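Peer 1: A single structure is presented below for examination.
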Amino acid sequence: MLLVQVLVGGLLLGAIYALFSSGLTLIWGMMNFINFAHGEFVMLGMYAALLVVVWLGGGPAVFGVVVALFLFFMGVAVYASLIRHVLRGPMLAQILSTFGLALLLRYTAFWIFSANFVSLPETWLSGSIDVGGIWLPIPQLIAGLLAITLTIVLHLLLTRTTVGSRLLAVAEDRNAAMLMGIRPDRMQALAWGLSASAAGIAGALMATAYPWSPSVGETFGLIAFVVVALGGFGSVPGAMYAGLIIGLIQSVSAFWLGPIYKDIVVYALFAVLLWLRPQGLMGRA
Amino acid sequence: MDRSWMKFAAAAACLLLFGAHLAEAADSVKIGIIWPLTGNAAAAGQASKAAAEVAADIVNNAHPELGDLPLAKTAGLPNLGGAKLELVFADHQGNPSLAQQLATRLITQDRVNVLMGAYQSSCSFTATAVAERYGIPFMVGESAALNITGRGFKWVFRGTPIASDYARTYMRFFADMKKQGKKIDSIAIVNENTDYGTSVADAIAAEAKNANIPVAIRIPYSASSTDVSAQVLQLKEKRPDVVIFISYTADSILYMKTLKNLDYKPPMIIGDDTGFSDPSFIPAVADIAQGVMNRSAWAIGKPGSVTYKINEMYKAKTGRDLDDTSARNMQSFFALADAINRAGSTDPEKIRIALTQTDLKPEQLMMGYQGVKFDSTGQNILASTYLIQLHGKTYDLVWPERAATAQLQWPMAGWAK
Amino acid sequence: MALLLYPLVFTNPFFLDIGVTFLLAAISASAWNIVGGYAGQISVGHSMFFGLGAYAPLLFYQWLGWPPMAGIPIGIAASVGLAIIIGMPTFRLTGHYFSMATIAVAELIRIFTGTWDFVGAAIGLQGPATARGWWDLTFRGETPYYYIFLGVLAVLLFITHTIERRRFGYYLRAIKARERAARSLGVPVLQIKMKALMLSATFTSLAGSLYAIKTGFIDPESGFGILVSVQMVIIAALGGAGTLFGPLLGALILIPLQSATNTWFGGGGSGLTYILYGGIIVLIARFEPGGLFELWHRVVAKYRSRHHAA
């Protein structure tokens, strides 16, 4: 009985992991580039949600939209001002660029918001429902369901729409795409926007259910790496499955081994993956 | 070319260093205080800073309304001709190496006469070692790790109760409860896993062993967890009679909410200060955490009492009530000032001797200790604590009974209407 | 040169402490430089080697009562072992994998250390409070530390300089510039990268040991924390990654700057240091990956060409 509770909790959390990791894997697939600041985008989404609620008094629907737009804009801005230039540069520049960005975002958040944990004020979304002995906290439930839905939406966007196929074309073969009249630069900017947006929404969803502080960016960033490594670099469906699996693994190891070990298990899994199958479940090497 | 670059940079660096040299002042008694004013523990550091400033004001100016509190009636230190206390703060940002460097700076550059600090035990370890090396008295106001006063140092003193004191208090409380017929067959310890949580948890586990109370489960966790359902489920499985939480603010609040969400209410919960005492705890979870117990050596007391007046002074400065940690720092500060006054000089050895001879009585204290008296390791052996319980929107003193102002509620009501 | 005379001029213990901190930072950054600057393999989790080197001596002291120095070789052995474990799978793939692995493993070790009682868990370990003899290396004044660290730095720079001029150095530069081309020209890429990492790990571990002996205290955060890694990277990158004196220059600027801002803002500051670090790293990445040395050379070259044209 308790085990089922643990599994359900893990799945709900895993859904959110899936959402924000799908953005990371998209960027990798397109540009062979790892965004070390991805966790910070999630963190920004959380604080943006807080600001919307506190300043504008908006409800979840409002801040969801605001966060999505704000992070989209941020993603494009980061691409245009920074990423575009370092893509052609040495590896040092590429890695340092987002690493430095992560630090910048994280410590600015510390400075503005302090290290204290914050959470959103209680809304109509609080409480739990009892389903045959399993307690489902409502915020987590809604967050999880929305996250999975959005991940699937992203996948459909990429595979079923014209814009999506253009993005994928650039990922597949940049030069060929150019010959077809697609502007890689635009598509890459779009990808960054989508990636950041997905991360931000995931953050906003988490904000309804859990407390956070500026330090969560670091943890989420690493979890995103693991999810992407497991699911395959470049595969959004892979990120979805992997996200759920990682959520389950975390939840189960927290219950069986003790909460301290849940992160250790995940990072150890990452190390093992690198050793055995770097391209992940569904990715291309 | 490279060489001249280097020389230029070296010259610039030297200029920067000289710029960092502070101007000197004289004639007052300087107290160097090393706390985390930025970083993770900044809120606590800043609160204690405000408390220290209030304490300095009490010593430096005449406050006859504060009764027998040492040095309150007079302005400045009478035995030093009315010399004022001057506070020099330094921010170690939670970094033990920086704490070491700052202690050195305060002693050699700012020429402080005594030191206080440092909140995080890791920083207290390194800073006190510097004080010991230079022969400057160091008063530790609040760090919990046992070993800070256990290293055979002569110059380190600690005014606050330590983990083993709290653990023994809890065991005495359990013994009392058992005599009243309450069932305490096992307890659980849930602790955040930095030095604070770990030292207290270790102490409780050890004392529980001595008192023959089995620990059903011990759950260390990371204070920055966003989800604690696994922990609560583990507790639900083990069904302890008392759950002791040693946690910071966010996690304390998160636990209360998760307990309600997963519908698990142990007969009694004891929160080991810190998170449970934070000003944001009560507003966030009071309605679902009724009957939760806590410890505090500080009680605001009735209007008109000395402690109430001190709280008013602090509230005027910060807008909040004085919290237990800052209060303990304040008490240690008073003990230090009292010793300096008795020494009648700023000579470190004289101050040190005065500290070893400290013997403050309960009426002279703002805290509920049985006194202030340091043993040969520098630890205040008369430090102790009350137990309080959440009734409505405030904590009431419920134990020991001789000091209680309200009835103990057992089992706790939690979120029951 | 000037470095040798420093302690004689600045006898004040506080300034000496800054000097010692500077040397330590220069050693760590120069060690990182070997694999990050010269070989172009960017490690953002180098604290794992630093931490291993820091814990080993204090473990020896804590459990066996031996002088901390005895633990130094063990720390180095552990670091080199770790280097092999990380390098083997990731060096076969593109650079990003290595970087990700370094950050994940460093975090893993940090959390794990915080839960393991044997190594002090979250409370950490302490060194000898007072020296039992010169071999404990617990000095009252800072001067002996200064010269020991200076010696280590000199050795490290000498080794780096030698590498620069030998074939190993050429291989490193080739790998950094065009890995695929280097491989097709017969450069044993995997082997060379591993050697660079192992050498770097050795000296980073040594730096960690020196830190632990000097500070007399270590815990998971000060040994394996991300800020330890960040500092190594930023100092090397600011001065000029891949140059001999780059890390030294970076340390010369950043360490006094850190101290000065703490003094000025100290009592009421707001932790601007790390915001600044993040900003500096981004600027370096965007505009001048070669660091200040590169900047200087470009400025000089422009000046020279203008001079000649006129």
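Every chain in the structure tokens has a letter given in the order shown (A, B, ...), and although residue numbers restart at 1 in each chain, ligands are simply numbered from 1 in the order shown.
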Find the residues around C:Leu254 up to 8 Å (only C-alpha atoms counted), leave out those fewer than 4 positions away in its own chain, and share them as a PDB file with C-alpha atoms, in the first residue's frame.
Peer 2:
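And here is the file that came out, part-v1.pdb:
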ATOM      1  CA  ILE C 235      41.066  32.186 -11.968  1.00  0.00           C
ATOM      2  CA  GLY C 250      44.067  35.541 -12.410  1.00  0.00           C
ATOM      3  CA  GLN C 258      37.840  39.176  -2.823  1.00  0.00           C
TER       4      GLN C 258
END
Peer 1: Would you pick out the contacts of B:Lys49 at 9 Å or less, using only C-alpha atoms, so that residues sharing its chain but fewer than 2 positions from it are not included, and give the list as a VMD selection string?
Peer 2: chain B and resid 33 35 37 44 to 47 51 to 54 89 326
Peer 1: Residues of the last selection are to be written out with C-alpha atoms, as a compact mmCIF listing (two decimals), in the first residue's frame.
Peer 2:
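New file result-v9.txt:
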# COMPACT_ATOMS: atom_id res chain seq x y z
CA ILE B 33 31.94 39.49 15.81
CA TRP B 35 28.76 35.86 11.67
CA LEU B 37 25.72 38.04 7.15
CA ALA B 44 20.04 34.14 11.37
CA GLY B 45 23.24 36.16 11.16
CA GLN B 46 21.39 39.40 10.59
CA ALA B 47 18.93 38.71 13.40
CA ALA B 51 20.39 41.49 18.93
CA ALA B 52 24.06 42.27 19.57
CA GLU B 53 23.47 45.89 18.70
CA VAL B 54 20.56 46.09 21.15
CA PHE B 89 31.24 42.84 12.45
CA SER B 326 19.58 35.50 18.79
Peer 1: What are the closest atom pairs, with distances in Å to one decimal, for each residue of chain A lying within 10 Å of chain B, using only C-alpha atoms, rows by chain and rising residue number, as JSON lines?
Peer 2:
{"residue": "A:Leu2", "atom": "CA", "partner": "B:Leu233", "partner_atom": "CA", "distance": 6.9}
{"residue": "A:Leu3", "atom": "CA", "partner": "B:Leu233", "partner_atom": "CA", "distance": 9.1}
{"residue": "A:Gln5", "atom": "CA", "partner": "B:Leu233", "partner_atom": "CA", "distance": 8.5}
{"residue": "A:Val6", "atom": "CA", "partner": "B:Ala230", "partner_atom": "CA", "distance": 6.8}
{"residue": "A:Gly9", "atom": "CA", "partner": "B:Ser229", "partner_atom": "CA", "distance": 7.9}
{"residue": "A:Gly10", "atom": "CA", "partner": "B:Ala230", "partner_atom": "CA", "distance": 9.7}
{"residue": "A:Leu13", "atom": "CA", "partner": "B:Asp227", "partner_atom": "CA", "distance": 9.2}
{"residue": "A:Tyr107", "atom": "CA", "partner": "B:Gly39", "partner_atom": "CA", "distance": 9.6}
{"residue": "A:Phe110", "atom": "CA", "partner": "B:Gly39", "partner_atom": "CA", "distance": 7.8}
{"residue": "A:Trp111", "atom": "CA", "partner": "B:Gly39", "partner_atom": "CA", "distance": 8.7}
{"residue": "A:Ser114", "atom": "CA", "partner": "B:Gly39", "partner_atom": "CA", "distance": 7.7}
{"residue": "A:Ala115", "atom": "CA", "partner": "B:Asn40", "partner_atom": "CA", "distance": 5.2}
{"residue": "A:Asn116", "atom": "CA", "partner": "B:Asn40", "partner_atom": "CA", "distance": 7.4}
{"residue": "A:Phe117", "atom": "CA", "partner": "B:Ala250", "partner_atom": "CA", "distance": 5.4}
{"residue": "A:Val118", "atom": "CA", "partner": "B:Ala250", "partner_atom": "CA", "distance": 7.3}
{"residue": "A:Ser119", "atom": "CA", "partner": "B:Ala250", "partner_atom": "CA", "distance": 8.8}
{"residue": "A:Pro121", "atom": "CA", "partner": "B:Ala284", "partner_atom": "CA", "distance": 9.0}
{"residue": "A:Glu122", "atom": "CA", "partner": "B:Ala284", "partner_atom": "CA", "distance": 9.5}
{"residue": "A:Ser126", "atom": "CA", "partner": "B:Asn261", "partner_atom": "CA", "distance": 9.2}
{"residue": "A:Gly127", "atom": "CA", "partner": "B:Asn261", "partner_atom": "CA", "distance": 6.5}
{"residue": "A:Ser128", "atom": "CA", "partner": "B:Asn261", "partner_atom": "CA", "distance": 5.8}
{"residue": "A:Ile129", "atom": "CA", "partner": "B:Asn261", "partner_atom": "CA", "distance": 8.8}
{"residue": "A:Asp130", "atom": "CA", "partner": "B:Leu262", "partner_atom": "CA", "distance": 9.2}
{"residue": "A:Gly133", "atom": "CA", "partner": "B:Leu262", "partner_atom": "CA", "distance": 9.8}
{"residue": "A:Ile134", "atom": "CA", "partner": "B:Leu262", "partner_atom": "CA", "distance": 8.3}
{"residue": "A:Trp135", "atom": "CA", "partner": "B:Leu262", "partner_atom": "CA", "distance": 5.7}
{"residue": "A:Leu136", "atom": "CA", "partner": "B:Asn261", "partner_atom": "CA", "distance": 7.8}
{"residue": "A:Pro137", "atom": "CA", "partner": "B:Asn261", "partner_atom": "CA", "distance": 6.1}
{"residue": "A:Ile138", "atom": "CA", "partner": "B:Asn261", "partner_atom": "CA", "distance": 9.2}
{"residue": "A:Met206", "atom": "CA", "partner": "B:Thr226", "partner_atom": "CA", "distance": 9.2}
{"residue": "A:Ala207", "atom": "CA", "partner": "B:Thr226", "partner_atom": "CA", "distance": 9.9}
{"residue": "A:Ala209", "atom": "CA", "partner": "B:Thr226", "partner_atom": "CA", "distance": 8.9}
{"residue": "A:Tyr210", "atom": "CA", "partner": "B:Thr226", "partner_atom": "CA", "distance": 5.6}
{"residue": "A:Pro211", "atom": "CA", "partner": "B:Thr226", "partner_atom": "CA", "distance": 6.0}
{"residue": "A:Trp212", "atom": "CA", "partner": "B:Thr226", "partner_atom": "CA", "distance": 6.6}
{"residue": "A:Ser213", "atom": "CA", "partner": "B:Ser224", "partner_atom": "CA", "distance": 8.1}
{"residue": "A:Ser215", "atom": "CA", "partner": "B:Ser224", "partner_atom": "CA", "distance": 8.1}
{"residue": "A:Val216", "atom": "CA", "partner": "B:Ser224", "partner_atom": "CA", "distance": 7.8}
{"residue": "A:Thr219", "atom": "CA", "partner": "B:Ser224", "partner_atom": "CA", "distance": 9.7}
{"residue": "A:Gln250", "atom": "CA", "partner": "B:Ala230", "partner_atom": "CA", "distance": 9.7}
{"residue": "A:Ser251", "atom": "CA", "partner": "B:Ala230", "partner_atom": "CA", "distance": 6.8}
{"residue": "A:Val252", "atom": "CA", "partner": "B:Ala230", "partner_atom": "CA", "distance": 8.1}
{"residue": "A:Ser253", "atom": "CA", "partner": "B:Ala230", "partner_atom": "CA", "distance": 9.0}
{"residue": "A:Ala254", "atom": "CA", "partner": "B:Ala230", "partner_atom": "CA", "distance": 5.9}
{"residue": "A:Phe255", "atom": "CA", "partner": "B:Ala230", "partner_atom": "CA", "distance": 4.9}
{"residue": "A:Trp256", "atom": "CA", "partner": "B:Gln234", "partner_atom": "CA", "distance": 8.5}
{"residue": "A:Leu257", "atom": "CA", "partner": "B:Ile219", "partner_atom": "CA", "distance": 9.9}
{"residue": "A:Gly258", "atom": "CA", "partner": "B:Ile219", "partner_atom": "CA", "distance": 6.7}
{"residue": "A:Pro259", "atom": "CA", "partner": "B:Tyr221", "partner_atom": "CA", "distance": 5.3}
{"residue": "A:Ile260", "atom": "CA", "partner": "B:Tyr221", "partner_atom": "CA", "distance": 4.9}
{"residue": "A:Tyr261", "atom": "CA", "partner": "B:Tyr221", "partner_atom": "CA", "distance": 8.5}
{"residue": "A:Lys262", "atom": "CA", "partner": "B:Tyr221", "partner_atom": "CA", "distance": 9.6}
{"residue": "A:Asp263", "atom": "CA", "partner": "B:Ser222", "partner_atom": "CA", "distance": 9.8}
Peer 1: If we count only C-alpha atoms and set the cut-off at 12 Å, which residues sit around B:Asn147, ignoring sequence neighbours fewer than 3 positions away in its own chain? Please answer as a list in words.
Peer 2: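 Counting only the stated atoms, we get Ser121, Ser122, Ser124, Phe125, Thr126, Thr128, Ala129, Ser143, Ala144, Gly150, Arg151, Gly152, Phe153, Val156, Phe157, Arg158, Ile162, Ala163, Ser164, Asp195, Ser199, Thr377, Gly378 and Gln379 of chain B; Ile123, Gly124, Leu125, Gln126 and Ala129 of chain C.
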Peer 1: Define the interface residues of chain C facing chain A as those within 9 Å, counting only C-alpha atoms, and report them as a VMD selection string.
Peer 2: chain C and resid 36 to 37 40 to 42 44 86 88 to 90 93 95 to 97 99 to 101 103 to 105 107 to 109 111 to 112 115 176 to 177 233 237 241 270 to 290
Peer 1: Near B:Gly304, within 10 Å and counting only C-alpha atoms, which residues show up once chain neighbours fewer than 5 positions away are dropped, as a list in words?
Peer 2: Glu65, Leu66 and Lys309 of chain B
Peer 1: Write to file, as an mmCIF file, in the first residue's frame, the residues of the selection just made, with N, CA and C atoms.
Peer 2:
data_model
loop_
_atom_site.group_PDB
_atom_site.id
_atom_site.type_symbol
_atom_site.label_atom_id
_atom_site.label_comp_id
_atom_site.auth_asym_id
_atom_site.auth_seq_id
_atom_site.Cartn_x
_atom_site.Cartn_y
_atom_site.Cartn_z
ATOM 1 N N GLU B 65 15.595 50.587 33.950
ATOM 2 C CA GLU B 65 14.376 49.780 33.975
ATOM 3 C C GLU B 65 14.627 48.290 33.761
ATOM 4 N N LEU B 66 15.910 47.937 33.486
ATOM 5 C CA LEU B 66 16.168 46.536 33.220
ATOM 6 C C LEU B 66 16.718 45.801 34.432
ATOM 7 N N LYS B 309 10.676 43.820 28.163
ATOM 8 C CA LYS B 309 11.224 45.111 27.737
ATOM 9 C C LYS B 309 12.340 44.922 26.711
#
Peer 1: So, with only C-alpha atoms as the atoms that count, which of C:Trp135, C:Trp296, C:Phe98, C:Phe224 lies closest to C:Met194?
Peer 2: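 When distances to C:Met194 are compared using only C-alpha atoms, the smallest one comes from C:Phe98.
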Peer 1: Which parts of stretch 7-129 of chain B does DSSP call alpha helix (DSSP H) when run on the backbone here, written out as a count of residues only?
Peer 2: 54
Peer 1: Could you check which of C:Ala39, C:Leu137, C:Leu227, C:Leu199 is closest to C:Leu156, using only C-alpha atoms?
Peer 2: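 Of C:Ala39, C:Leu137, C:Leu227, C:Leu199, the one nearest C:Leu156 is C:Leu199, counting only C-alpha atoms.
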Peer 1: Record the distance separating atom CA of B:Gly197 and atom CA of B:Ser247, expressed in Å with one decimal.
Peer 2: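 According to the coordinates, atom CA of B:Gly197 and atom CA of B:Ser247 are separated by 6.7 Å.
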Peer 1: Output as a ChimeraX atom specification all residues of stretch 46-204 of chain A that backbone DSSP marks as strand (DSSP E).
Peer 2: /A:128-131,134-137
Peer 1: Closest to B:Ile388 among B:Phe333, B:Phe138, B:Phe276, B:Phe245, using only C-alpha atoms?
Peer 2: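 Counting only C-alpha atoms, the residue closest to B:Ile388 is B:Phe276.
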Peer 1: Find, counting only C-alpha atoms, the residue in B:Val200, B:Val114, B:Ile58, B:Met313 that gets nearest to chain C.
Peer 2: B:Val200
Peer 1: How many Å lie between atom CA of C:Ser259 and atom CA of C:Arg110, rounded to one decimal?
Peer 2: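 So the answer is 26.3 Å.
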